[in-house]
>>> print(open('coords.txt').read())   # compact mmCIF, C-alpha atoms
# COMPACT_ATOMS: atom_id res chain seq x y z
CA MET A 1 162.09 274.95 214.17
CA THR A 2 161.57 274.50 210.49
CA LEU A 3 161.80 277.21 207.92
CA ARG A 4 158.04 276.98 207.43
CA SER A 5 157.22 277.43 211.07
CA ARG A 6 159.75 280.28 211.38
CA LEU A 7 158.20 282.07 208.46
CA ALA A 8 154.74 281.49 209.83
CA GLY A 9 155.83 282.88 213.17
CA LEU A 10 157.25 285.97 211.50
CA ALA A 11 154.05 286.45 209.62
CA ILE A 12 151.99 286.22 212.77
CA CYS A 13 154.30 288.73 214.44
CA ALA A 14 153.99 291.03 211.50
CA ALA A 15 150.26 290.77 211.68
CA GLY A 16 149.74 290.89 215.40
CA CYS A 17 152.75 292.31 217.23
CA PHE A 18 153.79 295.40 215.34
CA THR A 19 150.49 296.82 214.26
CA PRO A 20 147.73 298.49 216.27
CA LEU A 21 144.85 296.20 217.15
CA VAL A 22 142.41 298.55 215.52
CA ALA A 23 144.22 298.32 212.22
CA LEU A 24 145.05 294.69 211.63
CA SER A 25 147.03 294.10 208.49
CA HIS A 26 145.07 291.02 207.32
CA ALA A 27 148.09 288.87 206.80
CA ALA A 28 147.23 285.95 204.59
CA LEU A 29 149.21 282.78 204.61
CA ILE A 30 149.38 280.40 201.74
CA GLU A 31 151.12 277.11 202.14
CA ALA A 32 151.93 275.35 198.92
CA GLU A 33 153.51 271.97 198.53
CA THR A 34 153.96 269.40 195.89
CA ALA A 35 152.65 265.91 196.46
CA GLN A 36 151.89 262.78 194.56
CA ALA A 37 148.28 262.42 193.54
CA ILE A 38 146.20 259.69 192.01
CA ARG A 39 144.12 260.95 189.14
CA LEU A 40 141.33 258.80 187.74
CA HIS A 41 139.35 259.10 184.58
CA ALA A 42 136.12 257.13 184.58
CA PHE A 43 134.33 256.78 181.29
CA TYR A 44 132.52 254.38 179.01
CA ASP A 45 134.12 253.10 175.86
CA THR A 46 131.54 255.04 173.95
CA GLY A 47 133.58 258.04 175.06
CA GLU A 48 130.89 259.20 177.44
CA PRO A 49 132.41 260.24 180.76
CA MET A 50 131.08 258.88 184.04
CA ALA A 51 130.00 262.34 185.11
CA HIS A 52 129.21 262.94 188.76
CA ALA A 53 129.74 259.27 189.64
CA GLN A 54 130.26 258.18 193.23
CA VAL A 55 133.88 257.50 194.19
CA ILE A 56 134.98 255.53 197.25
CA ILE A 57 138.66 255.19 198.16
CA TYR A 58 140.11 252.33 200.21
CA ALA A 59 143.58 252.54 201.78
CA PRO A 60 145.95 249.56 202.01
CA ASP A 61 145.94 249.37 205.80
CA ASP A 62 142.13 249.11 206.11
CA PRO A 63 140.79 247.90 202.77
CA SER A 64 137.29 247.13 204.04
CA SER A 65 136.53 250.65 205.29
CA PRO A 66 136.31 253.78 203.12
CA TRP A 67 139.33 256.05 203.48
CA GLY A 68 137.61 258.80 201.57
CA GLN A 69 134.93 259.47 199.04
CA GLY A 70 133.87 261.99 196.48
CA VAL A 71 132.28 262.52 193.10
CA THR A 72 133.80 262.66 189.64
CA ASP A 73 133.54 265.94 187.78
CA ARG A 74 131.39 266.37 184.72
CA ASP A 75 134.17 264.97 182.56
CA GLY A 76 134.63 261.87 184.71
CA TRP A 77 137.84 263.01 186.41
CA PHE A 78 138.65 262.59 190.08
CA GLU A 79 141.86 263.32 191.95
CA PHE A 80 143.02 262.63 195.45
CA ILE A 81 146.26 262.68 197.38
CA PRO A 82 146.86 259.46 199.30
CA ASP A 83 148.72 259.48 202.57
CA ALA A 84 152.08 257.78 202.94
CA THR A 85 150.66 254.31 203.41
CA GLU A 86 152.35 251.92 201.01
CA GLY A 87 150.44 249.11 199.41
CA ARG A 88 147.40 248.76 197.19
CA TRP A 89 145.02 251.68 197.06
CA SER A 90 141.65 250.78 195.61
CA VAL A 91 139.16 253.16 194.12
CA GLN A 92 135.57 252.22 193.37
CA VAL A 93 133.44 254.24 190.95
CA ARG A 94 129.70 253.59 190.71
CA GLN A 95 126.94 255.05 188.63
CA SER A 96 123.41 253.98 187.68
CA GLY A 97 123.68 250.53 189.15
CA HIS A 98 127.05 249.68 187.67
CA GLY A 99 130.51 250.06 188.98
CA ALA A 100 134.17 249.37 188.46
CA MET A 101 137.25 249.20 190.63
CA ALA A 102 140.78 250.38 189.93
CA HIS A 103 143.86 249.64 191.99
CA VAL A 104 147.12 251.49 192.38
CA GLN A 105 150.07 249.86 194.11
CA MET A 106 152.01 252.63 195.86
CA GLY A 107 155.53 252.41 197.18
CA GLY A 108 158.72 250.96 195.83
CA ASP A 109 160.18 252.27 192.63
CA ALA A 110 157.01 253.14 190.80
CA PRO A 111 153.25 252.85 191.02
CA VAL A 112 151.62 249.78 189.52
CA ILE A 113 148.21 250.51 188.09
CA ILE A 114 145.46 247.97 187.57
CA THR A 115 142.34 249.26 185.90
CA ALA A 116 139.00 247.87 184.87
CA SER A 117 138.68 247.81 181.14
CA GLY A 118 136.39 244.97 180.23
CA THR A 119 135.24 244.96 176.65
CA GLN A 120 132.93 241.96 176.44
CA SER A 121 129.73 243.88 176.09
CA TRP A 122 128.02 247.14 176.68
CA LEU A 123 127.77 246.16 180.32
CA GLN A 124 131.51 246.10 180.62
CA ARG A 125 132.27 249.25 178.75
CA MET A 126 132.92 251.09 181.92
CA VAL A 127 136.58 251.89 181.70
CA MET A 128 138.69 253.51 184.34
CA VAL A 129 142.16 254.78 183.74
CA ALA A 130 144.30 255.68 186.71
CA LEU A 131 147.11 258.12 186.28
CA VAL A 132 149.58 259.03 188.95
CA ALA A 133 151.06 262.48 188.97
CA TRP A 134 154.40 262.51 190.71
CA GLY A 135 155.82 265.58 192.30
CA ALA A 136 159.06 266.10 194.14
CA LEU A 137 158.37 266.14 197.82
CA GLY A 138 158.91 269.55 199.22
CA THR A 139 157.21 272.42 200.84
CA ALA A 140 157.29 276.10 200.18
CA LEU A 141 155.66 278.78 202.21
CA PHE A 142 154.54 282.08 200.89
CA VAL A 143 153.49 284.92 203.10
CA LEU A 144 151.34 287.44 201.40
CA ARG A 145 150.24 290.71 202.85
CA LYS A 146 146.89 291.93 201.79
CA LYS A 147 146.88 295.69 201.80
CA GLY A 148 143.67 296.92 203.27
CA ARG A 149 142.31 300.37 203.91
CA SER A 150 143.05 300.08 207.64
CA ASP A 151 146.51 298.64 207.13
CA ALA A 152 148.54 300.99 209.35
CA SER A 153 151.75 299.21 208.50
CA ALA A 154 151.58 300.17 204.86
CA MET B 155 135.07 226.68 177.50
CA MET B 156 134.26 225.83 181.07
CA LYS B 157 137.32 223.64 181.12
CA SER B 158 139.44 226.72 180.73
CA LEU B 159 137.83 228.26 183.77
CA ILE B 160 138.16 225.17 185.87
CA GLY B 161 141.63 224.61 184.58
CA ALA B 162 142.80 228.04 185.57
CA ALA B 163 146.03 228.16 187.46
CA CYS B 164 144.70 227.81 190.94
CA LEU B 165 145.47 226.45 194.35
CA THR B 166 142.49 224.86 195.97
CA LEU B 167 142.55 225.51 199.65
CA ALA B 168 143.65 222.80 202.00
CA PRO B 169 141.28 221.58 204.74
CA LEU B 170 140.53 224.48 206.97
CA SER B 171 141.62 224.91 210.51
CA LEU B 172 139.18 225.35 213.35
CA SER B 173 140.18 228.99 213.53
CA ALA B 174 138.91 229.70 210.04
CA GLY B 175 136.14 232.17 209.49
CA SER B 176 133.17 231.61 207.24
CA LEU B 177 131.89 232.78 203.91
CA THR B 178 128.17 233.00 203.21
CA LEU B 179 126.91 233.08 199.66
CA PHE B 180 123.75 234.94 198.73
CA ALA B 181 121.80 235.33 195.51
CA SER B 182 119.65 238.33 194.64
CA GLY B 183 117.42 239.60 191.89
CA GLU B 184 117.34 242.92 193.73
CA ASP B 185 114.13 244.84 194.31
CA LEU B 186 113.01 244.23 190.76
CA ALA B 187 112.55 240.58 191.72
CA THR B 188 110.87 241.07 195.08
CA GLU B 189 108.80 244.16 194.28
CA GLY B 190 108.50 243.77 190.53
CA PHE B 191 108.59 246.42 187.83
CA ASN B 192 106.44 249.31 189.02
CA ALA B 193 106.21 252.92 187.83
CA PRO B 194 108.48 254.61 187.15
CA LYS B 195 110.51 251.42 186.85
CA LEU B 196 108.25 249.81 184.27
CA THR B 197 109.70 247.61 181.55
CA LYS B 198 111.13 249.51 178.62
CA ASP B 199 107.85 249.00 176.75
CA GLY B 200 105.68 250.17 179.62
CA TRP B 201 104.58 246.95 181.32
CA ALA B 202 104.26 246.53 185.07
CA LEU B 203 105.45 243.11 186.22
CA ALA B 204 104.64 241.28 189.46
CA PHE B 205 106.56 238.05 189.90
CA THR B 206 105.11 235.14 191.83
CA ARG B 207 108.26 233.06 191.36
CA ILE B 208 111.72 233.48 189.87
CA THR B 209 113.53 230.18 190.00
CA ALA B 210 117.27 230.15 189.41
CA THR B 211 119.73 227.28 189.68
CA PHE B 212 123.39 228.07 190.44
CA ASP B 213 126.26 225.61 190.29
CA GLN B 214 130.04 225.40 189.79
CA ILE B 215 130.48 228.16 192.35
CA THR B 216 133.98 229.10 193.49
CA ALA B 217 135.16 232.05 195.53
CA TRP B 218 138.66 233.25 194.76
CA GLN B 219 141.44 235.19 196.36
CA THR B 220 143.27 236.80 193.44
CA ASP B 221 146.40 238.94 193.35
CA PRO B 222 146.58 240.93 191.18
CA PRO B 223 142.83 241.38 191.37
CA PHE B 224 140.81 239.62 188.67
CA MET B 225 139.14 242.32 186.62
CA ALA B 226 136.40 240.24 184.92
CA ASP B 227 138.16 240.58 181.60
CA GLY B 228 138.17 236.91 180.62
CA ALA B 229 137.03 233.41 181.52
CA GLU B 230 140.15 232.36 183.38
CA ILE B 231 140.65 233.27 187.02
CA THR B 232 144.06 232.77 188.60
CA GLY B 233 144.28 232.59 192.36
CA THR B 234 143.41 230.57 195.42
CA ALA B 235 140.10 228.79 195.01
CA LEU B 236 137.42 227.98 197.56
CA PRO B 237 134.76 225.79 195.89
CA PHE B 238 131.16 225.58 197.08
CA ASP B 239 129.03 222.48 196.82
CA GLY B 240 126.06 222.80 194.56
CA PRO B 241 123.79 223.06 192.77
CA PHE B 242 121.45 225.47 194.53
CA THR B 243 117.94 226.15 193.26
CA VAL B 244 116.32 229.20 194.81
CA ASP B 245 113.31 231.49 194.39
CA LEU B 246 114.58 235.04 194.11
CA VAL B 247 111.15 236.44 194.98
CA ASP B 248 111.22 234.70 198.36
CA ALA B 249 114.03 236.87 199.68
CA ASP B 250 114.76 238.72 202.89
CA GLU B 251 114.23 242.44 203.47
CA ASP B 252 117.49 243.14 201.65
CA ASP B 253 116.33 241.11 198.62
CA LEU B 254 118.85 238.36 199.44
CA VAL B 255 118.42 234.59 199.37
CA GLU B 256 121.03 232.61 201.28
CA LEU B 257 122.55 229.69 199.38
CA THR B 258 125.04 228.32 201.86
CA THR B 259 127.75 229.08 204.41
CA ILE B 260 131.10 227.35 204.42
CA ALA B 261 134.29 227.61 206.44
CA ALA B 262 136.84 229.86 204.80
CA PRO B 263 140.39 230.94 205.49
CA ALA B 264 141.25 234.52 206.26
CA GLY B 265 141.73 236.79 203.31
CA HIS B 266 139.89 238.85 200.77
CA PHE B 267 137.72 236.87 198.38
CA ASN B 268 137.74 239.33 195.52
CA ALA B 269 136.48 237.17 192.68
CA LEU B 270 133.62 234.72 192.20
CA SER B 271 132.88 232.23 189.45
CA TRP B 272 129.51 230.56 189.04
CA ALA B 273 127.13 229.22 186.45
CA LEU B 274 123.43 229.26 185.76
CA VAL B 275 122.57 225.67 184.92
CA PRO B 276 119.32 223.77 184.35
CA GLY B 277 117.75 222.53 187.57
CA ASP B 278 115.60 219.47 188.15
CA ASP B 279 112.82 221.00 186.09
CA GLY B 280 115.15 221.45 183.13
CA PHE B 281 115.35 225.24 183.39
CA SER B 282 118.17 227.39 184.66
CA LEU B 283 116.04 230.51 185.05
CA ALA B 284 112.25 230.75 185.07
CA PHE B 285 109.91 233.68 185.65
CA GLU B 286 106.24 233.40 186.57
CA GLY B 287 103.95 236.32 187.23
CA ILE B 288 101.39 238.83 186.05
CA ALA B 289 102.01 241.67 183.62
CA ARG B 290 99.76 244.73 183.42
CA LYS B 291 99.50 247.55 180.92
CA ASP B 292 96.63 249.83 179.86
CA GLY B 293 94.00 247.65 181.52
CA GLN B 294 95.42 244.42 180.14
CA GLU B 295 96.42 241.70 182.56
CA VAL B 296 98.55 238.83 181.31
CA ALA B 297 99.81 235.76 183.14
CA PHE B 298 103.23 234.72 181.90
CA SER B 299 105.81 231.97 182.30
CA LEU B 300 109.23 232.60 180.78
CA ARG B 301 111.75 229.79 180.93
CA SER B 302 115.34 229.35 179.86
CA ALA B 303 117.32 226.13 179.68
CA ASP B 304 120.57 227.95 178.86
CA SER B 305 123.74 227.21 180.78
CA VAL B 306 125.83 230.33 181.29
CA ALA B 307 129.13 230.51 183.17
CA HIS B 308 130.27 233.71 184.85
CA ALA B 309 133.75 234.84 185.88
CA CYS B 310 133.27 237.85 188.10
CA GLY B 311 135.56 240.30 189.77
CA GLU B 312 135.07 241.92 193.12
CA TYR B 313 131.61 242.56 194.52
CA LEU B 314 130.72 246.23 194.20
CA GLY B 315 128.07 247.86 196.33
CA ASP B 316 127.45 250.05 199.31
CA VAL B 317 129.95 248.03 201.31
CA ARG B 318 133.06 246.17 200.24
CA LYS B 319 132.53 242.45 200.75
CA GLY B 320 134.50 239.23 201.00
CA PHE B 321 136.93 240.01 203.83
CA VAL B 322 137.19 236.86 205.95
CA THR B 323 139.07 237.12 209.19
CA GLU B 324 139.72 234.42 211.73
CA ASN B 325 136.50 233.48 213.48
CA ALA B 326 134.63 236.17 211.59
CA ALA B 327 132.11 235.88 208.81
CA ALA B 328 132.00 237.51 205.40
CA ASP B 329 129.65 237.17 202.49
CA LEU B 330 129.49 237.37 198.73
CA GLU B 331 126.57 237.84 196.39
CA ILE B 332 125.46 236.56 193.01
CA THR B 333 123.26 239.24 191.52
CA LEU B 334 120.92 239.02 188.55
CA HIS B 335 120.06 242.36 186.95
CA LEU B 336 116.54 241.78 185.64
CA ASP B 337 116.38 245.13 183.89
CA HIS B 338 118.86 243.77 181.39
CA LEU B 339 116.13 241.39 180.28
CA PHE B 340 113.08 243.62 180.48
CA GLY B 341 114.61 247.09 180.10
CA ARG B 342 113.58 250.14 182.07
CA ALA B 343 111.04 252.81 181.12
CA ASP B 344 112.79 255.30 183.37
CA LYS B 345 115.94 255.05 181.25
CA ALA B 346 116.41 256.64 177.86
CA GLU B 347 115.15 254.66 174.89
CA ASP B 348 118.62 254.77 173.38
CA ASP B 349 120.29 253.72 176.63
CA GLU B 350 122.43 250.75 175.67
CA MET B 351 120.72 248.60 178.27
CA ASN B 352 117.35 249.29 176.69
CA LEU B 353 118.71 248.72 173.21
CA GLU B 354 119.87 245.24 174.23
CA ALA B 355 116.97 244.28 176.51
CA ILE B 356 114.05 242.23 175.17
CA GLY B 357 111.34 244.06 177.08
CA PHE B 358 107.98 242.37 177.70
CA GLU B 359 106.13 243.07 174.45
CA PRO B 360 107.24 239.79 172.79
CA PHE B 361 105.47 237.93 175.61
CA ALA B 362 102.37 240.13 175.78
CA ALA B 363 100.10 237.38 174.49
CA GLY B 364 100.66 235.58 177.76
CA GLY B 365 101.37 231.92 178.42
CA GLU B 366 104.63 230.02 178.28
CA PHE B 367 107.68 231.14 176.36
CA ASP B 368 111.18 229.81 175.95
CA LEU B 369 113.79 232.42 176.65
CA SER B 370 117.37 232.77 175.43
CA LEU B 371 119.83 234.40 177.80
CA GLU B 372 122.40 234.98 175.08
CA GLY B 373 123.78 238.49 175.08
CA LEU B 374 121.69 239.67 178.02
CA HIS B 375 124.47 239.55 180.64
CA LEU B 376 122.16 239.28 183.62
CA GLY B 377 124.89 238.03 185.93
CA HIS B 378 126.74 240.41 188.24
CA VAL B 379 128.27 240.58 191.69
CA GLY B 380 126.37 243.49 193.15
CA GLU B 381 127.16 246.25 190.69
CA GLY B 382 130.38 244.56 189.65
CA HIS B 383 130.67 242.93 186.28
CA CYS B 384 131.21 239.38 185.11
CA TYR B 385 132.64 237.83 182.00
CA ASP B 386 129.99 235.36 180.88
CA PHE B 387 129.92 232.65 178.27
CA ALA B 388 127.63 229.80 177.23
CA LEU B 389 128.49 226.32 178.45
>>> encode(input="coords.txt", output="C-alpha cells")
Amino acid sequence: MTLRSRLAGLAICAAGCFTPLVALSHAALIEAETAQAIRLHAFYDTGEPMAHAQVIIYAPDDPSSPWGQGVTDRDGWFEFIPDATEGRWSVQVRQSGHGAMAHVQMGGDAPVIITASGTQSWLQRMVMVALVAWGALGTALFVLRKKGRSDASA
Amino acid sequence: MMKSLIGAACLTLAPLSLSAGSLTLFASGEDLATEGFNAPKLTKDGWALAFTRITATFDQITAWQTDPPFMADGAEITGTALPFDGPFTVDLVDADEDDLVELTTIAAPAGHFNALSWALVPGDDGFSLAFEGIARKDGQEVAFSLRSADSVAHACGEYLGDVRKGFVTENAAADLEITLHLDHLFGRADKAEDDEMNLEAIGFEPFAAGGEFDLSLEGLHLGHVGEGHCYDFAL
C-alpha cells in the first residue's frame, strides 16, 4: 500500500469510523502532484492573441483521432498534461477559418518543439509558441479537515 | 523559383505494391464558391455574388510525407514525394454537397501525407483562374467575368480542418484538399473593415461596371489546404 493510499484510508477512517453518523466531519481530500505540461500560446504577429480559439490535441499513438480538445483563454494560452505516451504530440489551433499546428516531441532527454511561425503575409501571421513546463515527478497528499458546526470530533 | 521546389531534397516513391492504399485529391472553393456571397457574407463592399462558373487549373501537384513536419515557411519541401499527374481543370461551382471537386485518386504507400505542393497554372483557355457570375447590390445587377493568367506555386503544410487528413494505411484510402479562400479576393462584409483580410482583398467595386476584367492574384494568397496555410510564389 502506498503512502498516498494509506493516508487516504486514514482520512476516510477519521471521517467515517470515529465520528457519529449524525455529525460527519466533512473530511476533504486534496491530492496534489507535479507533472509535465505542454503550454501553448497562440497569437498573431500583430500581437493579438488567438482568444477563445478551438484547440484539438492528437497523441502519438493515434494521430488521426483527437486525444483531447479545448479552447484558448482570452490571452491565447492553453495548457494540457499529456499522458506518458512518448512520441510527437500535435496540437491544432483554429479560429475564423484559419489554423496552425504545433508539434512537441516528448520522451528522451528533452522535448523538441516545432511551431508554426510563417511570416510570408498576413495570412501566415498566426504564430504558435509551445512551451513545456517540466516538473519533478512526484505525488503529495494533503488531508484537510474542514471544521463544521456539526463536527463532533473537534 | 519553382526549380527550388522541385529540386528539394526528396525521395520519390518507388513503384507501389499491391497492398498500397490510395490517396484522393480534392479541390474546393468552399461554400463561397457553390453558394456565392450572400448576406451576411457579402463582399467587403456589400455586393452579393452568384457564380455560374469558377474554373481553376491545378498542376505540379505532389503530396509529401515530411519529418519534421513542413510548416509552410518556405518554398522548399524536404521529404518523401508522391507526384500526381496533371494538369486538372475543374469548375469549383460544380462540387458535391461538401463543396469538393475530385481531381484524381492514385495508389499511395502507408504513411501520413502532411504536406502538399501544387500550382495554379493557365489552362487550355489561357487562364489559371476564372470567375463568371452575377453581382447584385442596391437593385443593380451586373454580369461579370474575371480572369487571371497568373501562375502561382504553393508549398503547403498539413491540411487543417474538422478532421485530420492524409493518413494512408494499407488497403485504406485517405484524401487531401486544395482549398481556395475566395474571401481573400472579394473580402467579407461580416468582418471588420480593418480586418487584415479586408484590407488586402480587392472587393467587387473595381468590377462593378460589369464585363470582362483581367485579374492579378499577386498578394492575395488564395491557396490553402483546408484552413492550413501555404507559402506561395509566382512562377
>>> atom_distance(input="coords.txt", atom1="CA of Thr232 (chain B)", atom2="CA of Thr220 (chain B)")
6.3 Å
>>> atom_distance(input="coords.txt", atom1="CA of Asp83 (chain A)", atom2="CA of His266 (chain B)")
22.5 Å
>>> interface_residues(input="coords.txt", of="chain B", to="chain A", cutoff="9 Å", atoms="all atoms listed in the file", output="count of residues only")
26
>>> closest_residue(input="coords.txt", among="B:Phe238, B:Phe180, B:Phe298, B:Phe387", to="Leu203 (chain B)", atoms="all atoms listed in the file")
B:Phe298
>>> residues_around(input="coords.txt", residues="region 282-295 of chain B", least_positions_apart="6", cutoff="6 Å", atoms="all atoms listed in the file", output="JSON, numbers by chain")
{"B": [201, 202, 203, 204, 205, 206, 207, 208, 209, 210, 211, 274, 275, 276, 301, 302, 303]}
>>> closest_residue(input="coords.txt", among="B:Ala343, B:Leu177, B:Leu376, B:Ala273", to="Thr259 (chain B)", atoms="only C-alpha atoms")
B:Leu177
>>> residues_around(input="coords.txt", residues="region 51-53 of chain A", least_positions_apart="5", cutoff="6 Å", atoms="only C-alpha atoms", output="list in words")
Val71, Thr72, Asp73, Arg74, Asp75, Gly76, Arg94 and Gln95 of chain A
>>> closest_atom_pairs(input="coords.txt", of="region 208-294 of chain B", to="region 183-197 of chain B", cutoff="8 Å", atoms="all atoms listed in the file", output="Markdown table")
| residue | atom | partner | partner_atom | distance |
| --- | --- | --- | --- | --- |
| B:Ile208 | CA | B:Ala187 | CA | 7.4 |
| B:Leu246 | CA | B:Gly183 | CA | 5.8 |
| B:Val247 | CA | B:Thr188 | CA | 4.6 |
| B:Asp248 | CA | B:Thr188 | CA | 7.2 |
| B:Ala249 | CA | B:Thr188 | CA | 7.0 |
| B:Asp252 | CA | B:Glu184 | CA | 7.9 |
| B:Asp253 | CA | B:Glu184 | CA | 5.3 |
| B:Leu254 | CA | B:Glu184 | CA | 7.5 |
>>> write_last_selection(input="coords.txt", atoms="C-alpha atoms", output="tab-separated table (two decimals), keeping the file's coordinate frame")
chain	number	residue	atom	x	y	z
B	208	ILE	CA	111.72	233.48	189.87
B	246	LEU	CA	114.58	235.04	194.11
B	247	VAL	CA	111.15	236.44	194.98
B	248	ASP	CA	111.22	234.70	198.36
B	249	ALA	CA	114.03	236.87	199.68
B	252	ASP	CA	117.49	243.14	201.65
B	253	ASP	CA	116.33	241.11	198.62
B	254	LEU	CA	118.85	238.36	199.44
>>> atom_distance(input="coords.txt", atom1="CA of Phe340 (chain B)", atom2="CA of Cys310 (chain B)")
22.3 Å
>>> closest_residue(input="coords.txt", among="B:Ala309, B:Asp245, B:Ser370, B:Asp250", to="Ile231 (chain B)", atoms="only C-alpha atoms")
B:Ala309
